[in-house]
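S.K.: The file below is start_2.pdb, PDB, C-alpha atoms:
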```pdb
ATOM      1  CA  MET A   1     -26.095  -3.745 -14.692  1.00  0.00           C
ATOM      2  CA  ASN A   2     -22.835  -4.280 -16.575  1.00  0.00           C
ATOM      3  CA  LYS A   3     -19.855  -3.309 -14.415  1.00  0.00           C
ATOM      4  CA  VAL A   4     -16.396  -4.860 -14.145  1.00  0.00           C
ATOM      5  CA  ILE A   5     -13.629  -4.045 -11.675  1.00  0.00           C
ATOM      6  CA  LEU A   6     -10.209  -5.573 -12.334  1.00  0.00           C
ATOM      7  CA  MET A   7      -6.732  -5.214 -10.909  1.00  0.00           C
ATOM      8  CA  GLY A   8      -3.697  -6.737 -12.545  1.00  0.00           C
ATOM      9  CA  ARG A   9      -0.486  -6.142 -14.450  1.00  0.00           C
ATOM     10  CA  LEU A  10      -0.138  -4.982 -18.034  1.00  0.00           C
ATOM     11  CA  THR A  11       1.260  -7.746 -20.243  1.00  0.00           C
ATOM     12  CA  ARG A  12       2.461  -5.250 -22.862  1.00  0.00           C
ATOM     13  CA  ASP A  13       2.617  -1.521 -23.514  1.00  0.00           C
ATOM     14  CA  PRO A  14      -0.731  -0.095 -24.659  1.00  0.00           C
ATOM     15  CA  GLU A  15      -1.252  -0.105 -28.411  1.00  0.00           C
ATOM     16  CA  VAL A  16      -2.763   3.097 -29.835  1.00  0.00           C
ATOM     17  CA  ARG A  17      -4.879   3.394 -32.960  1.00  0.00           C
ATOM     18  CA  TYR A  18      -7.501   5.799 -34.295  1.00  0.00           C
ATOM     19  CA  THR A  19     -10.964   5.040 -35.627  1.00  0.00           C
ATOM     20  CA  GLN A  20     -11.515   5.607 -39.349  1.00  0.00           C
ATOM     21  CA  THR A  21     -14.859   7.355 -39.013  1.00  0.00           C
ATOM     22  CA  ASN A  22     -14.142  10.151 -36.552  1.00  0.00           C
ATOM     23  CA  ASN A  23     -10.429   9.735 -35.715  1.00  0.00           C
ATOM     24  CA  THR A  24     -11.069   8.802 -32.047  1.00  0.00           C
ATOM     25  CA  LEU A  25      -8.093   7.443 -30.088  1.00  0.00           C
ATOM     26  CA  VAL A  26      -8.350   3.868 -28.790  1.00  0.00           C
ATOM     27  CA  ALA A  27      -5.680   2.382 -26.510  1.00  0.00           C
ATOM     28  CA  SER A  28      -5.707  -1.419 -26.265  1.00  0.00           C
ATOM     29  CA  PHE A  29      -3.866  -3.494 -23.702  1.00  0.00           C
ATOM     30  CA  SER A  30      -4.041  -6.811 -21.938  1.00  0.00           C
ATOM     31  CA  LEU A  31      -4.229  -7.244 -18.187  1.00  0.00           C
ATOM     32  CA  ALA A  32      -3.001 -10.352 -16.342  1.00  0.00           C
ATOM     33  CA  VAL A  33      -5.394 -10.792 -13.413  1.00  0.00           C
ATOM     34  CA  ASN A  34      -4.477 -13.419 -10.825  1.00  0.00           C
ATOM     35  CA  ARG A  35      -7.242 -15.834  -9.950  1.00  0.00           C
ATOM     36  CA  ARG A  36      -8.387 -15.447  -6.396  1.00  0.00           C
ATOM     37  CA  PHE A  37      -8.237 -19.100  -5.424  1.00  0.00           C
ATOM     38  CA  THR A  38      -5.928 -21.945  -6.408  1.00  0.00           C
ATOM     39  CA  ARG A  39      -6.148 -25.638  -5.672  1.00  0.00           C
ATOM     40  CA  GLU A  40      -3.744 -27.010  -3.123  1.00  0.00           C
ATOM     41  CA  GLY A  41      -0.401 -27.727  -4.786  1.00  0.00           C
ATOM     42  CA  ASP A  42      -1.228 -25.704  -7.919  1.00  0.00           C
ATOM     43  CA  THR A  43       0.686 -22.643  -8.939  1.00  0.00           C
ATOM     44  CA  GLN A  44      -0.975 -19.234  -9.153  1.00  0.00           C
ATOM     45  CA  THR A  45      -2.917 -18.850 -12.398  1.00  0.00           C
ATOM     46  CA  ALA A  46      -3.999 -15.707 -14.180  1.00  0.00           C
ATOM     47  CA  ASP A  47      -6.587 -14.692 -16.722  1.00  0.00           C
ATOM     48  CA  PHE A  48      -5.479 -12.455 -19.570  1.00  0.00           C
ATOM     49  CA  ILE A  49      -8.169  -9.901 -20.292  1.00  0.00           C
ATOM     50  CA  ASN A  50      -8.230  -7.590 -23.292  1.00  0.00           C
ATOM     51  CA  ILE A  51      -9.120  -4.003 -22.478  1.00  0.00           C
ATOM     52  CA  SER A  52      -9.778  -0.967 -24.647  1.00  0.00           C
ATOM     53  CA  ALA A  53      -9.808   2.623 -23.447  1.00  0.00           C
ATOM     54  CA  TRP A  54     -11.339   5.320 -25.630  1.00  0.00           C
ATOM     55  CA  ALA A  55     -10.814   9.072 -26.077  1.00  0.00           C
ATOM     56  CA  LYS A  56      -9.459  10.878 -22.964  1.00  0.00           C
ATOM     57  CA  THR A  57      -9.134   7.657 -20.968  1.00  0.00           C
ATOM     58  CA  GLY A  58      -7.207   6.151 -23.872  1.00  0.00           C
ATOM     59  CA  GLU A  59      -4.901   9.169 -24.007  1.00  0.00           C
ATOM     60  CA  PHE A  60      -4.157   8.791 -20.294  1.00  0.00           C
ATOM     61  CA  VAL A  61      -3.488   5.059 -20.684  1.00  0.00           C
ATOM     62  CA  SER A  62      -1.201   5.552 -23.674  1.00  0.00           C
ATOM     63  CA  LYS A  63       0.786   8.246 -21.893  1.00  0.00           C
ATOM     64  CA  TYR A  64       1.229   6.722 -18.409  1.00  0.00           C
ATOM     65  CA  PHE A  65       0.684   2.948 -18.523  1.00  0.00           C
ATOM     66  CA  LYS A  66       3.606   0.637 -19.329  1.00  0.00           C
ATOM     67  CA  LYS A  67       4.192  -3.111 -19.448  1.00  0.00           C
ATOM     68  CA  GLY A  68       4.434  -4.665 -15.973  1.00  0.00           C
ATOM     69  CA  MET A  69       2.591  -1.889 -14.130  1.00  0.00           C
ATOM     70  CA  GLN A  70      -0.159  -2.880 -11.735  1.00  0.00           C
ATOM     71  CA  VAL A  71      -3.354  -0.990 -12.516  1.00  0.00           C
ATOM     72  CA  ALA A  72      -7.039  -1.048 -11.629  1.00  0.00           C
ATOM     73  CA  VAL A  73      -9.723  -0.771 -14.296  1.00  0.00           C
ATOM     74  CA  VAL A  74     -13.425  -0.068 -13.898  1.00  0.00           C
ATOM     75  CA  GLY A  75     -15.509  -0.604 -16.982  1.00  0.00           C
ATOM     76  CA  ARG A  76     -18.061  -2.745 -18.779  1.00  0.00           C
ATOM     77  CA  ILE A  77     -17.998  -6.007 -20.696  1.00  0.00           C
ATOM     78  CA  GLN A  78     -18.658  -5.690 -24.391  1.00  0.00           C
ATOM     79  CA  THR A  79     -19.110  -8.521 -26.880  1.00  0.00           C
ATOM     80  CA  ARG A  80     -18.698  -8.296 -30.613  1.00  0.00           C
ATOM     81  CA  SER A  81     -18.921 -10.659 -33.551  1.00  0.00           C
ATOM     82  CA  TRP A  82     -17.696 -10.663 -37.137  1.00  0.00           C
ATOM     83  CA  GLU A  83     -17.155 -12.980 -40.043  1.00  0.00           C
ATOM     84  CA  ASP A  84     -13.534 -13.858 -40.852  1.00  0.00           C
ATOM     85  CA  GLN A  85     -12.028 -14.285 -44.331  1.00  0.00           C
ATOM     86  CA  GLN A  86     -13.007 -17.967 -44.392  1.00  0.00           C
ATOM     87  CA  GLY A  87     -16.642 -17.117 -43.641  1.00  0.00           C
ATOM     88  CA  GLN A  88     -16.486 -18.356 -40.042  1.00  0.00           C
ATOM     89  CA  LYS A  89     -18.416 -16.430 -37.389  1.00  0.00           C
ATOM     90  CA  ARG A  90     -15.987 -15.121 -34.741  1.00  0.00           C
ATOM     91  CA  TYR A  91     -16.741 -13.687 -31.305  1.00  0.00           C
ATOM     92  CA  ALA A  92     -14.739 -11.615 -28.853  1.00  0.00           C
ATOM     93  CA  THR A  93     -15.392 -10.361 -25.354  1.00  0.00           C
ATOM     94  CA  ASP A  94     -13.497  -7.294 -24.146  1.00  0.00           C
ATOM     95  CA  VAL A  95     -13.633  -4.840 -21.287  1.00  0.00           C
ATOM     96  CA  VAL A  96     -14.179  -1.193 -22.190  1.00  0.00           C
ATOM     97  CA  ALA A  97     -12.385   0.906 -19.567  1.00  0.00           C
ATOM     98  CA  GLU A  98     -14.375   3.785 -18.130  1.00  0.00           C
ATOM     99  CA  GLU A  99     -12.015   4.544 -15.217  1.00  0.00           C
ATOM    100  CA  VAL A 100      -8.351   3.602 -14.786  1.00  0.00           C
ATOM    101  CA  TYR A 101      -6.103   3.900 -11.739  1.00  0.00           C
ATOM    102  CA  PHE A 102      -2.500   3.271 -10.770  1.00  0.00           C
ATOM    103  CA  ALA A 103      -2.337   0.372  -8.302  1.00  0.00           C
ATOM    104  CA  ASP A 104       1.442   0.082  -7.840  1.00  0.00           C
ATOM    105  CA  SER A 105       3.259   1.438  -4.838  1.00  0.00           C
ATOM    106  CA  LYS A 106       4.869   4.843  -5.358  1.00  0.00           C
ATOM    107  CA  ARG A 107       8.189   3.506  -4.052  1.00  0.00           C
ATOM    108  CA  SER A 108      10.906   2.766  -6.575  1.00  0.00           C
ATOM    109  CA  ASP A 109      12.704  -0.594  -6.596  1.00  0.00           C
ATOM    110  CA  SER A 110      15.641   0.859  -4.634  1.00  0.00           C
ATOM    111  CA  ASP A 111      13.260   2.271  -2.018  1.00  0.00           C
ATOM    112  CA  SER A 112      11.444  -1.041  -1.618  1.00  0.00           C
ATOM    113  CA  ALA A 113      14.735  -2.848  -1.012  1.00  0.00           C
ATOM    114  CA  ASN A 114      15.316  -0.594   2.024  1.00  0.00           C
ATOM    115  CA  PHE A 115      11.706  -0.771   3.232  1.00  0.00           C
ATOM    116  CA  ASP A 116      11.241  -2.505   6.566  1.00  0.00           C
ATOM    117  CA  ASN A 117       8.099  -4.568   6.108  1.00  0.00           C
ATOM    118  CA  THR A 118       7.457  -5.055   9.822  1.00  0.00           C
ATOM    119  CA  PHE A 119       4.491  -3.695  11.710  1.00  0.00           C
ATOM    120  CA  GLY A 120       5.252  -0.284  13.149  1.00  0.00           C
ATOM    121  CA  ALA A 121       3.465   2.455  15.010  1.00  0.00           C
ATOM    122  CA  GLU A 122       2.929   5.914  13.596  1.00  0.00           C
ATOM    123  CA  ALA A 123       1.893   9.130  15.266  1.00  0.00           C
ATOM    124  CA  PRO A 124      -1.843   9.885  15.104  1.00  0.00           C
ATOM    125  CA  ALA A 125      -2.875  12.085  12.192  1.00  0.00           C
ATOM    126  CA  ASN A 126      -4.036  14.933  14.432  1.00  0.00           C
ATOM    127  CA  THR A 127      -0.604  15.581  15.993  1.00  0.00           C
ATOM    128  CA  THR A 128       1.635  18.274  14.605  1.00  0.00           C
ATOM    129  CA  GLU A 129       4.914  17.215  13.034  1.00  0.00           C
ATOM    130  CA  GLY A 130       7.429  16.290  15.699  1.00  0.00           C
ATOM    131  CA  ASP A 131       4.836  16.460  18.513  1.00  0.00           C
ATOM    132  CA  THR A 132       4.302  12.914  19.745  1.00  0.00           C
ATOM    133  CA  SER A 133       4.041  13.705  23.465  1.00  0.00           C
ATOM    134  CA  ASP A 134       0.546  12.158  23.702  1.00  0.00           C
ATOM    135  CA  PHE A 135       1.551   9.116  21.662  1.00  0.00           C
ATOM    136  CA  GLU A 136       2.387   5.968  23.576  1.00  0.00           C
ATOM    137  CA  VAL A 137       3.387   2.635  22.048  1.00  0.00           C
ATOM    138  CA  SER A 138       2.003  -0.339  23.918  1.00  0.00           C
ATOM    139  CA  SER A 139       3.473  -3.847  24.016  1.00  0.00           C
ATOM    140  CA  GLY A 140       0.015  -5.185  23.182  1.00  0.00           C
ATOM    141  CA  ASP A 141      -0.383  -7.187  26.406  1.00  0.00           C
ATOM    142  CA  ASP A 142      -2.969  -4.843  27.886  1.00  0.00           C
ATOM    143  CA  LEU A 143      -5.119  -4.244  24.780  1.00  0.00           C
ATOM    144  CA  PRO A 144      -8.871  -4.422  25.450  1.00  0.00           C
ATOM    145  CA  PHE A 145      -9.573  -6.794  22.543  1.00  0.00           C
TER     146      PHE A 145
END
```
Let's see the structure in the file written out as structure tokens.
M.R.:
Amino acid sequence: MNKVILMGRLTRDPEVRYTQTNNTLVASFSLAVNRRFTREGDTQTADFINISAWAKTGEFVSKYFKKGMQVAVVGRIQTRSWEDQQGQKRYATDVVAEEVYFADSKRSDSDSANFDNTFGAEAPANTTEGDTSDFEVSSGDDLPF
């Protein structure tokens, strides 16, 4: 099985090109993916992964993805090799995107500045708007767990 799931930020706007043989759109971009673990005292490090999105997925990427956005990509690893002008064998490993998703918050920067990031209680989903008569906020002292 060859499946990759990544989440990170675009390092540049997607670059669009078309294949010579059948004029298929290809959108290429690079994703900065933070490493999960760091050594004590080290700064956060990231891997920069090249991604290509083809056809309809590529159209979507080229239209909606911009530098700095956080996105999620599901795809497969693909390797390729070629000979450069000096006759040296070159290799590259890329991710071919099969599914792409927005992973940023929908809030704008001005909204996030006013966002209270403390834990809060919300009405249960089954209540009608404005009807919170059966909703009680507890101090947490008498919780059963």
S.K.: Go through A:Thr11, A:Thr43, A:Asn22, A:Gln70 one by one, measure the shortest atom-to-atom distance of each to A:Tyr101 using only C-alpha atoms, and give the residue with the smallest value.
M.R.: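 Smallest separation from A:Tyr101 among the options: A:Gln70.
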S.K.: Distance atom CA of A:Pro14-atom CA of A:Gln88, one decimal place?
M.R.: 28.6 Å
S.K.: Would you pick out the contacts of stretch 55-64 of chain A at 9 Å or less, using all atoms listed in the file, so that residues sharing its chain but fewer than 3 positions from it are not included, and give the list as a tab-separated table (two decimals) with C-alpha atoms, in the coordinates of the input?
M.R.:
```
chain	number	residue	atom	x	y	z
A	13	ASP	CA	2.62	-1.52	-23.51
A	14	PRO	CA	-0.73	-0.10	-24.66
A	15	GLU	CA	-1.25	-0.10	-28.41
A	16	VAL	CA	-2.76	3.10	-29.84
A	24	THR	CA	-11.07	8.80	-32.05
A	25	LEU	CA	-8.09	7.44	-30.09
A	26	VAL	CA	-8.35	3.87	-28.79
A	27	ALA	CA	-5.68	2.38	-26.51
A	28	SER	CA	-5.71	-1.42	-26.26
A	52	SER	CA	-9.78	-0.97	-24.65
A	97	ALA	CA	-12.38	0.91	-19.57
A	98	GLU	CA	-14.38	3.78	-18.13
A	99	GLU	CA	-12.02	4.54	-15.22
A	100	VAL	CA	-8.35	3.60	-14.79
```
S.K.: Restricting the calculation to only C-alpha atoms, which member of A:Leu6, A:Glu40, A:Lys106, A:Glu83 is positioned closest to A:Val71?
M.R.: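 Under the stated criterion, the closest residue is A:Leu6.
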